[in-house]
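Chemist: Please find one structure pasted underneath; my questions will follow.
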Amino acid sequence: MTVSTATSPALRLSATSYPGAIPGVAIPSYDRDKVQVGVVHFGPGAFHRAHQAYYFDKLLGHDPRWGVCAVSLKSPGVRDALEPQDGLYTLAQLDADTTFRVMGSILEVLVAPEDPPSVFARLAAPTTRLVTLTVTEKGYTLSPDGGLDENHPDIIHDLANPREPRSAVGYIVEGLRRRFAAGLAPYAVVACDNLADNGWRLKAAVVAYAGKLDEELARWIDREGRFPRTMVDSITPATDDALRARVLAATGLEDAWPIQREAFTQWVVEDVLPADAPDLASVGVILTDDVRGFERAKLRLLNGVHSTLAYAGLLRGHETVFEAVSDPTLAALARDMMVKDIIPTLTPPRGLDLQGYADAILARFQNPEIRHLLSQIAWDGSQKLPFRILGTLTETLEAGRSIERLVIPLAAWMRFVARRAKAGEPIVDPLQERLSALGAAATGDAKTDVAAFLALDTVFPAALAGHPAFVAALETAYANLG
Ligand code: CS2
């Protein structure tokens with residue numbers, strides 16, 4: 001008789017296998033069979049599974065009402081990976097002390113286009129008190145002025161077919177309509193993407209959309225709806241095969257889609273949630289009336305510098321954030337930009353020392369355990385740069401200070417787009433076609449190339465694109481990067 005365990009395939013992570021995870025791996029401390037769905041989440045990408053799902057997992061330790069129904073608006077990938085695992089997946093927290101945790105808060109994953117009625121049933125259930133979203137900047141279907149983009153193809157489609165929507169806004173409103181009709185309170189809607197004033201913008205878009213369908217519904221949402229603004233933070237590199245192998249070795253269980261992030265995580269939520277919302281403060285969420293200060297500081301200091309390192313770093317041949325901040329030129333640029341340009345535009349929220357905060361962000365970028373690809377951050381530049389850079393830049397210009405450094409990420413983005421287009425490489429961005437054409441046509445001449453990019457009116461507001469000092473500084477930066 002031969003007994004060999006060496007070649008036997010590892011067990012797949014699931015509700016039956018997880019108690020057998022290698023000791024030291026954290027596993028759900030609660031009885032998953034007793035957990036109810038109390039949260040519907042749109043966009044169960046890596047960030048949600050690293051961040052909000054983690055807070056709900058902790059919450060379930062003392063309150064079984066806050067299990068998550070995760071809804072993919074487009075692709076079935078997450079459902080296909082997690083369904084055989086009963087919604088379970090592994091979260092690796094990579095830092096000086098790396099830890100692994102089997103996460104149990106996602107109870108089901110629905111693929112909205114396959115089954116809108118199930119999504120609406122969850123949204124309309126009295127037990128659903130919270131709707132959260134991570135749908136990326138473009139998922140908010142906003143126009144450049146910040147309101148609902150009525151010309152967005154998904155919004156045009158949804159207004160014509162409100163019972164079979166495609167957009168997050170369409171789902172949120174149809175769910176609220178059903179609750180209104182049933183005499184239920186609205187759910188609170190918590191936007192968790194990196195947009196300035198995220199909750200307010202979403203509320204404005206939702207109310208505008210609802211108003212096109214039913215004035216009374218729109219007034220009810222406007223009056224009763226809670227759309228807190230939030231700041232979310234945890235660096236979450238995309239999953240790769242190295243992570244899958246590491247998770248298998250650490251847990252003894254095969255996971256089709258584990259998630260990795262740094263140990264640091266922060267969630268700041270405007271303190272307007274209704275009394276029957278989950279007790280987020282009990283799991284470390286900061287509830288405050290001063291969210292704007294946190295959110296501006298994080299967007300401008302962390303995300304703004306991230307995007308700067310991404311475009312400038314890729315042009316200098318780096319692959320990861322760690323490599324970019326190990327390059328003395330880029331490290332100096334990042335620090336100067338934070339201290340000399342960005343901090344002067346910020347009002348610190350109570351209790352936050354901005355200099356210390358900036359130092360901590362740079363230290364996080366230097367985490368050697370985190371392999372965060374610059375190319376991941378470079379995606380969707382047309383959506384990210386306005387929130388991350390243009391606010392700081394406009395205010396700096398208005399204050400009469402130099403914008404010499406702040407134009408670098410913009411110039412580097414233009415060079416990056418041109419380089420990819422000329423190499424025939426795809427550009428991941430909702431403006432992909434336009435950008436590829438602009439990049440392919442770029443001649444290297446600063447005046448003509450910069451003028452062509454500045455004509456992107458959904459990225460650059462007219463007042464800025466026509467500002468002579470801005471144009472001149474941008475042309476100089478662009479020429480210097482050639
Ligand atoms: C990054 C963010 O991908 C990006 O654009 O800047 O995802 C960043 O890692 C997170 O906001 C950190 O909280």
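Going by the structure tokens order, chains are called A, B, ..., each with residues numbered from 1, while ligands are numbered from 1 in the order shown.
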I need the residues in range 191-302 of chain A that are strand (DSSP E) according to DSSP; give them as a list in words.

Modeler: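 Written out, the strand (DSSP E) residues of range 191-302 of chain A are Ala191, Thr230, Met231, Val232, Asp233, Leu253, Glu254, Ile259, Gln260, Arg261, Gln266, Trp267, Val268, Val269, Glu270, Ile286, Leu287 and Thr288 of chain A.
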
Chemist: Using only C-alpha atoms and all ligand atoms, which residues of the polymer chains come no farther than 9 Å from ligand 1? I'd like the answer as JSON, numbers by chain.

Modeler: {"A": [47, 193, 194, 231, 232, 233, 234, 235, 236, 237, 265, 266, 298, 299, 302, 303, 304, 305, 306, 307, 310, 372, 373, 374, 375, 376, 377, 378, 379, 380, 381, 384]}

Chemist: Among range 176-220 of chain A, which ones does DSSP assign to helix (DSSP H, G or I) (computed from the backbone)? Answer as a PyMOL selection string.

Modeler: chain A and resi 176-182+198-213+215-220

Chemist: What are the nearest atom pairs, with distances in Å to one decimal, for all residues of range 75-170 of chain A that come at most 12 Å from range 199-214 of chain A, using only C-alpha atoms, set out by chain and rising residue number as a Markdown table?

Modeler:
| residue | atom | partner | partner_atom | distance |
| --- | --- | --- | --- | --- |
| A:Val131 | CA | A:Gly199 | CA | 11.8 |
| A:Thr132 | CA | A:Gly199 | CA | 10.4 |
| A:Leu133 | CA | A:Gly199 | CA | 10.2 |
| A:Thr134 | CA | A:Gly199 | CA | 11.8 |
| A:Val135 | CA | A:Leu202 | CA | 11.6 |
| A:Glu137 | CA | A:Leu202 | CA | 10.9 |
| A:Lys138 | CA | A:Leu202 | CA | 11.9 |
| A:Gly139 | CA | A:Leu202 | CA | 10.3 |
| A:Tyr140 | CA | A:Leu202 | CA | 6.8 |
| A:Thr141 | CA | A:Ala205 | CA | 8.0 |
| A:Leu142 | CA | A:Ala205 | CA | 7.2 |
| A:Ser143 | CA | A:Ala205 | CA | 9.6 |
| A:Pro144 | CA | A:Arg201 | CA | 11.6 |
| A:Asp145 | CA | A:Arg201 | CA | 10.3 |
| A:Gly146 | CA | A:Arg201 | CA | 6.6 |
| A:Gly147 | CA | A:Ala205 | CA | 5.7 |
| A:Leu148 | CA | A:Ala205 | CA | 4.5 |
| A:Asp149 | CA | A:Ala205 | CA | 8.1 |
| A:Glu150 | CA | A:Tyr209 | CA | 8.4 |
| A:Asn151 | CA | A:Tyr209 | CA | 11.9 |
| A:His152 | CA | A:Tyr209 | CA | 11.9 |
| A:Asp154 | CA | A:Tyr209 | CA | 11.8 |
| A:Ile155 | CA | A:Tyr209 | CA | 8.2 |
| A:Ile156 | CA | A:Tyr209 | CA | 10.2 |
| A:His157 | CA | A:Tyr209 | CA | 11.9 |
| A:Asp158 | CA | A:Tyr209 | CA | 9.3 |
| A:Leu159 | CA | A:Leu213 | CA | 7.3 |
| A:Ala160 | CA | A:Leu213 | CA | 9.4 |
| A:Asn161 | CA | A:Leu213 | CA | 10.5 |
| A:Pro162 | CA | A:Leu213 | CA | 8.4 |
| A:Arg163 | CA | A:Leu213 | CA | 11.3 |
| A:Pro165 | CA | A:Tyr209 | CA | 11.9 |
| A:Ser167 | CA | A:Val206 | CA | 10.9 |
| A:Ala168 | CA | A:Val206 | CA | 9.3 |
| A:Val169 | CA | A:Val206 | CA | 5.8 |
| A:Gly170 | CA | A:Tyr209 | CA | 7.8 |

Chemist: Take the residues from that selection and write them out as a JSON list (two decimals), in the first residue's frame, keeping N, CA and C atoms.

Modeler:
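Okay, part-v4.json is ready:
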[["chain", "number", "residue", "atom", "x", "y", "z"],
["A", 131, "VAL", "N", -26.40, 50.32, 1.94],
["A", 131, "VAL", "CA", -25.90, 49.98, 0.60],
["A", 131, "VAL", "C", -24.54, 50.65, 0.50],
["A", 132, "THR", "N", -23.52, 49.88, 0.18],
["A", 132, "THR", "CA", -22.19, 50.46, 0.03],
["A", 132, "THR", "C", -21.74, 50.30, -1.41],
["A", 133, "LEU", "N", -20.81, 51.14, -1.83],
["A", 133, "LEU", "CA", -20.37, 51.07, -3.24],
["A", 133, "LEU", "C", -18.87, 51.27, -3.36],
["A", 134, "THR", "N", -18.24, 50.44, -4.19],
["A", 134, "THR", "CA", -16.90, 50.72, -4.72],
["A", 134, "THR", "C", -17.00, 50.41, -6.21],
["A", 135, "VAL", "N", -17.34, 51.41, -6.97],
["A", 135, "VAL", "CA", -17.58, 51.20, -8.40],
["A", 135, "VAL", "C", -16.59, 52.02, -9.24],
["A", 137, "GLU", "N", -14.31, 55.68, -9.91],
["A", 137, "GLU", "CA", -14.76, 57.03, -10.24],
["A", 137, "GLU", "C", -15.79, 57.01, -11.38],
["A", 138, "LYS", "N", -15.50, 56.22, -12.39],
["A", 138, "LYS", "CA", -16.37, 56.26, -13.57],
["A", 138, "LYS", "C", -17.75, 55.66, -13.30],
["A", 139, "GLY", "N", -17.85, 54.83, -12.26],
["A", 139, "GLY", "CA", -19.12, 54.18, -11.94],
["A", 139, "GLY", "C", -20.17, 55.11, -11.38],
["A", 140, "TYR", "N", -19.79, 56.35, -11.07],
["A", 140, "TYR", "CA", -20.75, 57.30, -10.51],
["A", 140, "TYR", "C", -21.55, 58.03, -11.59],
["A", 141, "THR", "N", -21.19, 57.81, -12.86],
["A", 141, "THR", "CA", -21.91, 58.41, -14.00],
["A", 141, "THR", "C", -22.17, 59.92, -13.78],
["A", 142, "LEU", "N", -21.08, 60.61, -13.45],
["A", 142, "LEU", "CA", -21.18, 62.06, -13.22],
["A", 142, "LEU", "C", -20.66, 62.82, -14.43],
["A", 143, "SER", "N", -21.21, 63.98, -14.65],
["A", 143, "SER", "CA", -20.69, 64.84, -15.72],
["A", 143, "SER", "C", -19.53, 65.67, -15.15],
["A", 144, "PRO", "N", -18.77, 66.34, -16.00],
["A", 144, "PRO", "CA", -17.62, 67.09, -15.49],
["A", 144, "PRO", "C", -18.00, 68.12, -14.42],
["A", 145, "ASP", "N", -19.22, 68.66, -14.47],
["A", 145, "ASP", "CA", -19.58, 69.65, -13.45],
["A", 145, "ASP", "C", -20.02, 68.97, -12.15],
["A", 146, "GLY", "N", -19.99, 67.64, -12.12],
["A", 146, "GLY", "CA", -20.25, 66.93, -10.87],
["A", 146, "GLY", "C", -21.67, 66.41, -10.71],
["A", 147, "GLY", "N", -22.59, 66.82, -11.58],
["A", 147, "GLY", "CA", -23.97, 66.33, -11.49],
["A", 147, "GLY", "C", -24.13, 65.03, -12.28],
["A", 148, "LEU", "N", -25.36, 64.54, -12.31],
["A", 148, "LEU", "CA", -25.63, 63.31, -13.08],
["A", 148, "LEU", "C", -25.29, 63.53, -14.55],
["A", 149, "ASP", "N", -24.60, 62.58, -15.15],
["A", 149, "ASP", "CA", -24.28, 62.68, -16.58],
["A", 149, "ASP", "C", -25.46, 62.11, -17.39],
["A", 150, "GLU", "N", -26.35, 63.02, -17.80],
["A", 150, "GLU", "CA", -27.56, 62.56, -18.49],
["A", 150, "GLU", "C", -27.26, 62.03, -19.88],
["A", 151, "ASN", "N", -26.06, 62.31, -20.37],
["A", 151, "ASN", "CA", -25.70, 61.78, -21.70],
["A", 151, "ASN", "C", -24.94, 60.47, -21.61],
["A", 152, "HIS", "N", -24.72, 59.99, -20.39],
["A", 152, "HIS", "CA", -24.01, 58.72, -20.25],
["A", 152, "HIS", "C", -24.88, 57.60, -20.83],
["A", 154, "ASP", "N", -25.29, 54.54, -20.14],
["A", 154, "ASP", "CA", -25.99, 53.72, -19.14],
["A", 154, "ASP", "C", -27.17, 54.48, -18.52],
["A", 155, "ILE", "N", -27.00, 55.79, -18.32],
["A", 155, "ILE", "CA", -28.09, 56.58, -17.74],
["A", 155, "ILE", "C", -29.22, 56.72, -18.77],
["A", 156, "ILE", "N", -28.87, 56.94, -20.02],
["A", 156, "ILE", "CA", -29.91, 57.01, -21.07],
["A", 156, "ILE", "C", -30.68, 55.68, -21.09],
["A", 157, "HIS", "N", -29.93, 54.59, -21.05],
["A", 157, "HIS", "CA", -30.55, 53.27, -21.05],
["A", 157, "HIS", "C", -31.45, 53.09, -19.82],
["A", 158, "ASP", "N", -30.94, 53.45, -18.66],
["A", 158, "ASP", "CA", -31.66, 53.18, -17.41],
["A", 158, "ASP", "C", -32.93, 54.02, -17.28],
["A", 159, "LEU", "N", -32.86, 55.26, -17.75],
["A", 159, "LEU", "CA", -34.06, 56.10, -17.66],
["A", 159, "LEU", "C", -35.16, 55.55, -18.57],
["A", 160, "ALA", "N", -34.74, 54.89, -19.66],
["A", 160, "ALA", "CA", -35.73, 54.28, -20.55],
["A", 160, "ALA", "C", -36.18, 52.91, -20.04],
["A", 161, "ASN", "N", -35.35, 52.27, -19.22],
["A", 161, "ASN", "CA", -35.68, 50.92, -18.69],
["A", 161, "ASN", "C", -35.39, 50.85, -17.19],
["A", 162, "PRO", "N", -36.09, 51.65, -16.39],
["A", 162, "PRO", "CA", -35.69, 51.76, -14.97],
["A", 162, "PRO", "C", -35.80, 50.47, -14.18],
["A", 163, "ARG", "N", -36.55, 49.49, -14.68],
["A", 163, "ARG", "CA", -36.67, 48.22, -13.94],
["A", 163, "ARG", "C", -35.55, 47.25, -14.31],
["A", 165, "PRO", "N", -31.96, 48.24, -14.87],
["A", 165, "PRO", "CA", -30.88, 49.22, -15.04],
["A", 165, "PRO", "C", -29.52, 48.57, -15.27],
["A", 167, "SER", "N", -26.65, 50.90, -14.41],
["A", 167, "SER", "CA", -25.76, 51.72, -13.60],
["A", 167, "SER", "C", -26.04, 51.53, -12.11],
["A", 168, "ALA", "N", -25.06, 51.89, -11.30],
["A", 168, "ALA", "CA", -25.23, 51.86, -9.84],
["A", 168, "ALA", "C", -26.38, 52.79, -9.45],
["A", 169, "VAL", "N", -26.39, 53.99, -10.05],
["A", 169, "VAL", "CA", -27.44, 54.95, -9.74],
["A", 169, "VAL", "C", -28.82, 54.35, -10.06],
["A", 170, "GLY", "N", -28.92, 53.68, -11.21],
["A", 170, "GLY", "CA", -30.19, 53.05, -11.60],
["A", 170, "GLY", "C", -30.65, 52.01, -10.59]]

Chemist: Any idea what's packed within 10 Å of Gly20 in chain A, counting only C-alpha atoms, ignoring anything in its chain fewer than 5 positions away? Could you give it as a list in words?

Modeler: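 Once the nearby chain positions are removed, what remains is Leu11, Leu13, Val25, Ile27, Thr251, Gly252 and Leu253 of chain A.
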
Chemist: For Arg388 in chain A, which residue among A:Arg296, A:Arg178, A:Arg371, A:Arg166 is the nearest when counting only C-alpha atoms?

Modeler: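 With only C-alpha atoms as the atom set, the closest residue is A:Arg296.
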
Chemist: For each of A:Leu309, A:Ala53, A:Ile361, A:Met337, take the minimum atom-to-atom distance to Ala70 in chain A, counting only C-alpha atoms, then give the residue where this is smallest.

Modeler: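 Using only C-alpha atoms, the shortest distance to Ala70 in chain A belongs to A:Ala53.
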
Chemist: Neighbouring residues of Ala437 in chain A were defined as those with any atom within 8 Å, considering only C-alpha atoms; residues of the same chain fewer than 4 positions away were excluded. Please report them as a list in words.

Modeler: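 These residues fall inside the cut-off: Ala421, Glu433 and Ala441 of chain A.
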